[in-house]
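Below: one structure, written as structure tokens.
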Amino acid sequence: MSADKLLLELNPSQRVAATHLKNHALVLAGAGCGKTKTIIARAAFLISQGVSPDRIQILTFTRRSASEIVERVKTHLGDSSQGLRSSTFHTWCTSIIRRAPTAFGFKKFTVIDRDDQLQLFKLLRGKRASGNFPTAAQICDLYSFARNTRTSLDATLKKQSPNYYNQKEPIASIMKEYELRKRSRNYFDYDDILDIVAKGINQHEELCKWVGTQFDHILVDEMQDTNPLQWELLEPLTKYVKLFCVGDDAQSIYGFRGADFKNVHSFQERLPDSTILRLEDNYRSTQEILDISNWLLKSSTINYDKKLKSMRGFGLIPKIHTFSNEWEEGRWIAEDLIKRRVSGSLWKNHMILVRSSFSARTVEAALLAKEIPYIFIGGTKLLDAAHVKDVLSVLRLIGNNQDEIGWMRYLTLWSGVGEVKAGKIINEILNHDNTNDAISTLETEGYGSSELASVIKELIQIEGSVSKIISKAVKLMTDMLANKYKNQDWEKRQRDFSFVEKLAEKHSSVLEFLEEYILDPIFNSERDRIENEDIVTIITIHSAKGTEREVCYVQNVSTGSYPPAFAINDLDDVEEERRVLYVALTRAKNELIITRKMHNTWSYENVKKSNPNEELNVEDSGDNNKLIESYFLNGLPEQLASEDVHTNNVNSLRSANINQKLNIEFGIDLS
DNA sequence: AGGCGCACTTTTTTT
DNA sequence: AAGTGCGCCT
């Protein structure tokens, strides 16, 4: 097959974009306008023009979209696409550092995830009371935000947490300590990876040239979600490579990570030798779905200058279902799914979009109760689960005997060793850079059980795959872990270990294995799921960009949740939340089902809590009114959606009917 | 003093 | 599901 066929499938404006040759380009593409298709066609086109695949670098946000793009180019071009690379910014930068370690001044480093960062910050923050001082997690976020936006702590505090501004000095010293600690242990956090490459290529022209001349083209997906740090990474390379960026400002929902509109809005200003192209025809959804989405954007104070037009024509009007509480809502979604299944549609054509993993709990419970198979993308990550981290902690030590965080986790697992004793042992261990010395230290009397040393001793002797080491580690630690988790689903947790072993089979180096999954985590429910299996998808909206389904449920579009209570005081936050809802609505191809509950007691309580001195009541209260007034679906014209209000009686009647029907068809007990 | 177990709260979004 | 606080035990 050839690129020609791919190009023929494009509409004229997509084709202009895909075959653009002159200079840098920014493609502004609305939701469902064929953004991914255009990137794929462009990669194929460039290859067909004689560009070697390994001189094209595609940058995406997640591993999933990265591999999807490469797979689809491969389908069309076969072997001639061999060498085409698509990765996240983080994986890309890691490989650059790995290939020129001397230039960057880091021969070895351990990539740490957010949880590890938190451990360090927690340690340094100490036991200060929360309330008038940010939590470790908040300090961690402030630190990351400042780095991603390239702003000072001062500016970050003013923007993100003005209430902590008076604590600037102690916060600054904690961050300073964190950096020292990080450096002395050769830890790289997520931001370090980008920061080091960005600084390197901005400060040293020969390094910039070395990186830049490895590529002819860089294609960037989801440009609206890139932040100033990422722009610092791209900008100096434009001397050597052609940038082709695709994005949609109306879908910018990563402001909390420092995503910057300017990367889209100021593109041409920053790169005068560039072209802006637009894709405005939507091929995903029917017009009614786009009408309500367009209306949502138009109700904003920001002018997005965007009106999606469906190329598919008209279909079904979006539905809004209102319930008395979130459990009813979840149950109804499950029942509606079953109804659709009974009438012949597949589970996999359905997607439930949720704002947070927490708000998915009621939906998950309902689907579990009705035995509807599903995958939850955006839930807990497999390698983040406590019991998996426990086992992996000992692997970290085998890879790097200076890994303080790994030691802390491993040592405190054992009975008789707490934080204090572990701290003393670690101090001792870090004095020598030698695993055998570390083992001798552990064998010193008074340091708890002898197993503590023997486990490591046995593991370092194992040759072969990482999988073997994990298997042995699990075996050696089983009794201890079984005891730790005896009242917390130990049986269920145990099953995760064999999956982790399977994951590790491909890897021969412990550190490489850990790094891969820190940079590209896999979700817990992704385990033992086969591609294209017929299952329902539950997904957080932030993970849902680029995905689509025939039928989409957008859950909990209730007062106090859209926008959420925590956002109502900041206009920028409110607008970002509006875009979050916009992203959710535009995922649907044929049917859009919005569900919500009448009263959001939780949000109301929250507002009340943050204003303890004010007398609030539901009828007229300052901030609760603000919640209700700011609600995004206020003033929705009647013709854009039909609404059903469900009372408990109607709902139970309905479910009785569905149960009966399914018992006949499938023989499953749904009670 | 340090560790441990129990009861209690608390959930934004992600590389 | 995991973090925090508190009192009890070694």
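Every chain in the structure tokens has a letter given in the order shown (A, B, ...), and although residue numbers restart at 1 in each chain, ligands are simply numbered from 1 in the order shown.
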
Do you know which residues are at most 6 Å from Asp189 of chain A counting only C-alpha atoms (C1' of nucleotides), after dropping those on the same chain fewer than 2 positions away, and could you put them as a ChimeraX atom specification? /A:111-112,191-192

Saved selection, atoms kept: N, CA and C atoms, as a compact mmCIF listing (two decimals), in the first residue's frame:
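Writing done, so here's result.txt:
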# COMPACT_ATOMS: atom_id res chain seq x y z
N VAL A 111 14.79 7.54 37.43
CA VAL A 111 13.61 8.36 37.24
C VAL A 111 12.63 8.04 38.37
N ILE A 112 12.18 9.08 39.05
CA ILE A 112 11.22 8.85 40.14
C ILE A 112 9.84 9.38 39.76
N ASP A 191 9.87 16.44 35.70
CA ASP A 191 10.22 17.74 35.13
C ASP A 191 11.71 17.86 34.84
N ASP A 192 12.53 17.19 35.66
CA ASP A 192 13.97 17.22 35.41
C ASP A 192 14.30 16.73 34.01

Hey, what's within 10 Å of DC8 of chain C if we count only C-alpha atoms (C1' of nucleotides) and toss same-chain stuff fewer than 2 positions away? As an NGL selection string, please? (:B and (4-5)) or (:C and (6 or 10))

Same residues, C-alpha atoms (C1' of nucleotides), saved as a short mmCIF file (atom, residue, chain, number, x, y, z; two decimals), in the first residue's frame:
data_model
loop_
_atom_site.label_atom_id
_atom_site.label_comp_id
_atom_site.auth_asym_id
_atom_site.auth_seq_id
_atom_site.Cartn_x
_atom_site.Cartn_y
_atom_site.Cartn_z
"C1'" DC B 4 2.00 -0.90 65.61
"C1'" DG B 5 -2.87 -1.41 65.13
"C1'" DC C 6 -4.24 8.43 68.72
"C1'" DT C 10 7.66 -3.43 73.56
#

Kindly assemble as CSV a list of the chain B residues that lie within 8 Å of chain A, each paired with its nearest atom pair and their distance in Å to one decimal, using only C-alpha atoms (C1' of nucleotides), sorted first by chain and then by ascending residue number.
residue,atom,partner,partner_atom,distance
B:DG2,C1',A:Val420,CA,7.2
B:DG3,C1',A:Gly418,CA,6.0
B:DT11,C1',A:Phe358,CA,6.3
B:DT12,C1',A:Ser356,CA,6.1
B:DT13,C1',A:His542,CA,6.2
B:DT14,C1',A:Arg257,CA,7.9
B:DT15,C1',A:Tyr190,CA,6.7

With a distance cut-off of 6 Å and only C-alpha atoms (C1' of nucleotides), select the neighbouring residues of segment 64-76 of chain A, excluding the residue or stretch itself and same-chain residues fewer than 3 positions from it, and output the selection as a PyMOL selection string. chain A and resi 1+40+60+81+86-87

Identify every residue of chain A that has at least one atom within 10 Å of any atom of chain C, counting only C-alpha atoms (C1' of nucleotides), and report the result as a ChimeraX atom specification. /A:380,385-386,416,488

Now that the selection is made, can you save its residues with C-alpha atoms as a tab-separated table (two decimals), in the first residue's frame?
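File part.tsv, as written:
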chain	number	residue	atom	x	y	z
A	380	THR	CA	-5.30	3.43	39.78
A	385	ALA	CA	-0.73	-0.04	43.94
A	386	ALA	CA	0.78	-0.30	47.42
A	416	GLY	CA	10.13	-4.02	64.01
A	488	GLN	CA	-7.25	-5.67	52.74

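Take atom CA of Phe513 of chain A and atom CA of Val466 of chain A: the distance between them is 7.7 Å.
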
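Closest approach to Arg55 of chain A among A:Cys140, A:Ala259, A:Val241, A:Ile201: A:Val241, based on only C-alpha atoms.
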
Any idea what's packed within 7 Å of Arg85 of chain A, counting only C-alpha atoms (C1' of nucleotides), ignoring anything in its chain fewer than 6 positions away? Could you give it as a list of chain:residue names? A:Asp54, A:Ile56, A:Gln57, A:Ile58

Those same residues, written as a PDB file, in the first residue's frame with C-alpha atoms?
ATOM      1  CA  ASP A  54      13.914   7.528  11.492  1.00  0.00           C
ATOM      2  CA  ILE A  56      10.678  11.870  11.727  1.00  0.00           C
ATOM      3  CA  GLN A  57       9.859  12.225  15.414  1.00  0.00           C
ATOM      4  CA  ILE A  58       6.222  12.244  16.487  1.00  0.00           C
TER       5      ILE A  58
END

Residues within 12 Å of Gln49 of chain A, please, as a PDB file with C-alpha atoms, in the first residue's frame. Count only C-alpha atoms (C1' of nucleotides); anything in the same chain fewer than 5 positions from it doesn't count.
ATOM      1  CA  SER A   2       1.045   3.570  -0.455  1.00  0.00           C
ATOM      2  CA  ALA A   3       0.617   6.997   0.983  1.00  0.00           C
ATOM      3  CA  ASP A   4      -1.499   7.967  -2.023  1.00  0.00           C
ATOM      4  CA  ALA A  18      -0.694  16.620   5.371  1.00  0.00           C
ATOM      5  CA  THR A  19       1.290  17.557   2.276  1.00  0.00           C
ATOM      6  CA  HIS A  20       2.458  20.970   3.489  1.00  0.00           C
ATOM      7  CA  LEU A  21       6.087  21.320   2.497  1.00  0.00           C
ATOM      8  CA  ARG A  42       1.539  13.422   6.981  1.00  0.00           C
ATOM      9  CA  ALA A  43       3.983  10.855   8.331  1.00  0.00           C
ATOM     10  CA  ALA A  44       3.120   8.553   5.444  1.00  0.00           C
ATOM     11  CA  SER A  80       8.858   1.105   4.599  1.00  0.00           C
TER      12      SER A  80
END

Extract, using only C-alpha atoms (C1' of nucleotides), all DNA, RNA and protein residues at most 10 Å from segment 164-166 of chain A, discarding same-chain residues fewer than 2 positions from it, and format them as a VMD selection string. chain A and resid 131 to 134 153 to 162 168 to 171

Expected file: the selected residues, N, CA and C atoms, as a compact mmCIF listing (two decimals), in the first residue's frame:
# COMPACT_ATOMS: atom_id res chain seq x y z
N GLY A 131 -3.37 23.33 56.91
CA GLY A 131 -4.32 24.41 57.17
C GLY A 131 -3.67 25.74 56.90
N ASN A 132 -2.63 26.06 57.67
CA ASN A 132 -1.94 27.31 57.37
C ASN A 132 -0.62 27.06 56.62
N PHE A 133 -0.37 25.80 56.31
CA PHE A 133 0.84 25.48 55.55
C PHE A 133 0.48 24.43 54.51
N PRO A 134 0.98 24.58 53.25
CA PRO A 134 0.59 23.62 52.21
C PRO A 134 1.02 22.20 52.54
N LEU A 153 8.95 31.08 42.07
CA LEU A 153 8.07 30.64 43.14
C LEU A 153 7.12 31.77 43.52
N ASP A 154 7.67 32.98 43.55
CA ASP A 154 6.87 34.15 43.89
C ASP A 154 5.63 34.26 43.00
N ALA A 155 5.88 34.22 41.69
CA ALA A 155 4.77 34.35 40.74
C ALA A 155 3.82 33.16 40.84
N THR A 156 4.39 31.98 41.03
CA THR A 156 3.56 30.77 41.11
C THR A 156 2.62 30.84 42.31
N LEU A 157 3.17 31.25 43.46
CA LEU A 157 2.35 31.34 44.66
C LEU A 157 1.23 32.35 44.46
N LYS A 158 1.57 33.49 43.88
CA LYS A 158 0.55 34.53 43.66
C LYS A 158 -0.56 33.99 42.78
N LYS A 159 -0.18 33.23 41.77
CA LYS A 159 -1.18 32.75 40.83
C LYS A 159 -1.95 31.54 41.38
N GLN A 160 -1.23 30.58 41.95
CA GLN A 160 -1.85 29.31 42.31
C GLN A 160 -2.41 29.26 43.73
N SER A 161 -1.64 29.79 44.67
CA SER A 161 -2.08 29.69 46.07
C SER A 161 -1.76 30.97 46.84
N PRO A 162 -2.45 32.06 46.54
CA PRO A 162 -2.15 33.32 47.22
C PRO A 162 -2.26 33.21 48.74
N LYS A 168 6.11 31.92 51.95
CA LYS A 168 7.03 31.73 50.83
C LYS A 168 8.41 31.27 51.28
N GLU A 169 8.95 31.87 52.32
CA GLU A 169 10.31 31.51 52.75
C GLU A 169 10.45 30.04 53.13
N PRO A 170 9.62 29.55 54.07
CA PRO A 170 9.77 28.12 54.39
C PRO A 170 9.50 27.19 53.20
N ILE A 171 8.56 27.57 52.34
CA ILE A 171 8.29 26.74 51.16
C ILE A 171 9.53 26.70 50.28

Leu271 of chain A: which residues within 9 Å, counting only C-alpha atoms (C1' of nucleotides), same-chain residues fewer than 5 positions away excluded, as an MDAnalysis selection string? chainID A and resid 24 235 238 266

Generate a file of the selected residues that holds N, CA and C atoms, formatted as a PDB file, in the first residue's frame.
ATOM      1  N   HIS A  24       7.377  25.595   8.777  1.00  0.00           N
ATOM      2  CA  HIS A  24       6.666  25.118   9.963  1.00  0.00           C
ATOM      3  C   HIS A  24       5.166  25.316   9.773  1.00  0.00           C
ATOM      4  N   GLU A 235      11.526  25.058  20.509  1.00  0.00           N
ATOM      5  CA  GLU A 235      11.914  26.302  19.848  1.00  0.00           C
ATOM      6  C   GLU A 235      13.346  26.274  19.285  1.00  0.00           C
ATOM      7  N   THR A 238      13.950  24.408  15.982  1.00  0.00           N
ATOM      8  CA  THR A 238      13.353  24.848  14.712  1.00  0.00           C
ATOM      9  C   THR A 238      14.399  25.335  13.713  1.00  0.00           C
ATOM     10  N   SER A 266       0.349  32.166  19.837  1.00  0.00           N
ATOM     11  CA  SER A 266       1.491  32.974  19.401  1.00  0.00           C
ATOM     12  C   SER A 266       2.421  32.223  18.463  1.00  0.00           C
TER      13      SER A 266
END

Hey, what does DSSP flag as alpha helix (DSSP H) within segment 250-423 of chain A? Can you give it to me as a PyMOL selection string? chain A and resi 262-265+267-270+287-298+326-342+361-369+386-399+404-413+419-423

Give me, please, the distance in Å between atom CA of Asp248 of chain A and atom CA of Asn303 of chain A, quoted to one decimal. 13.3 Å
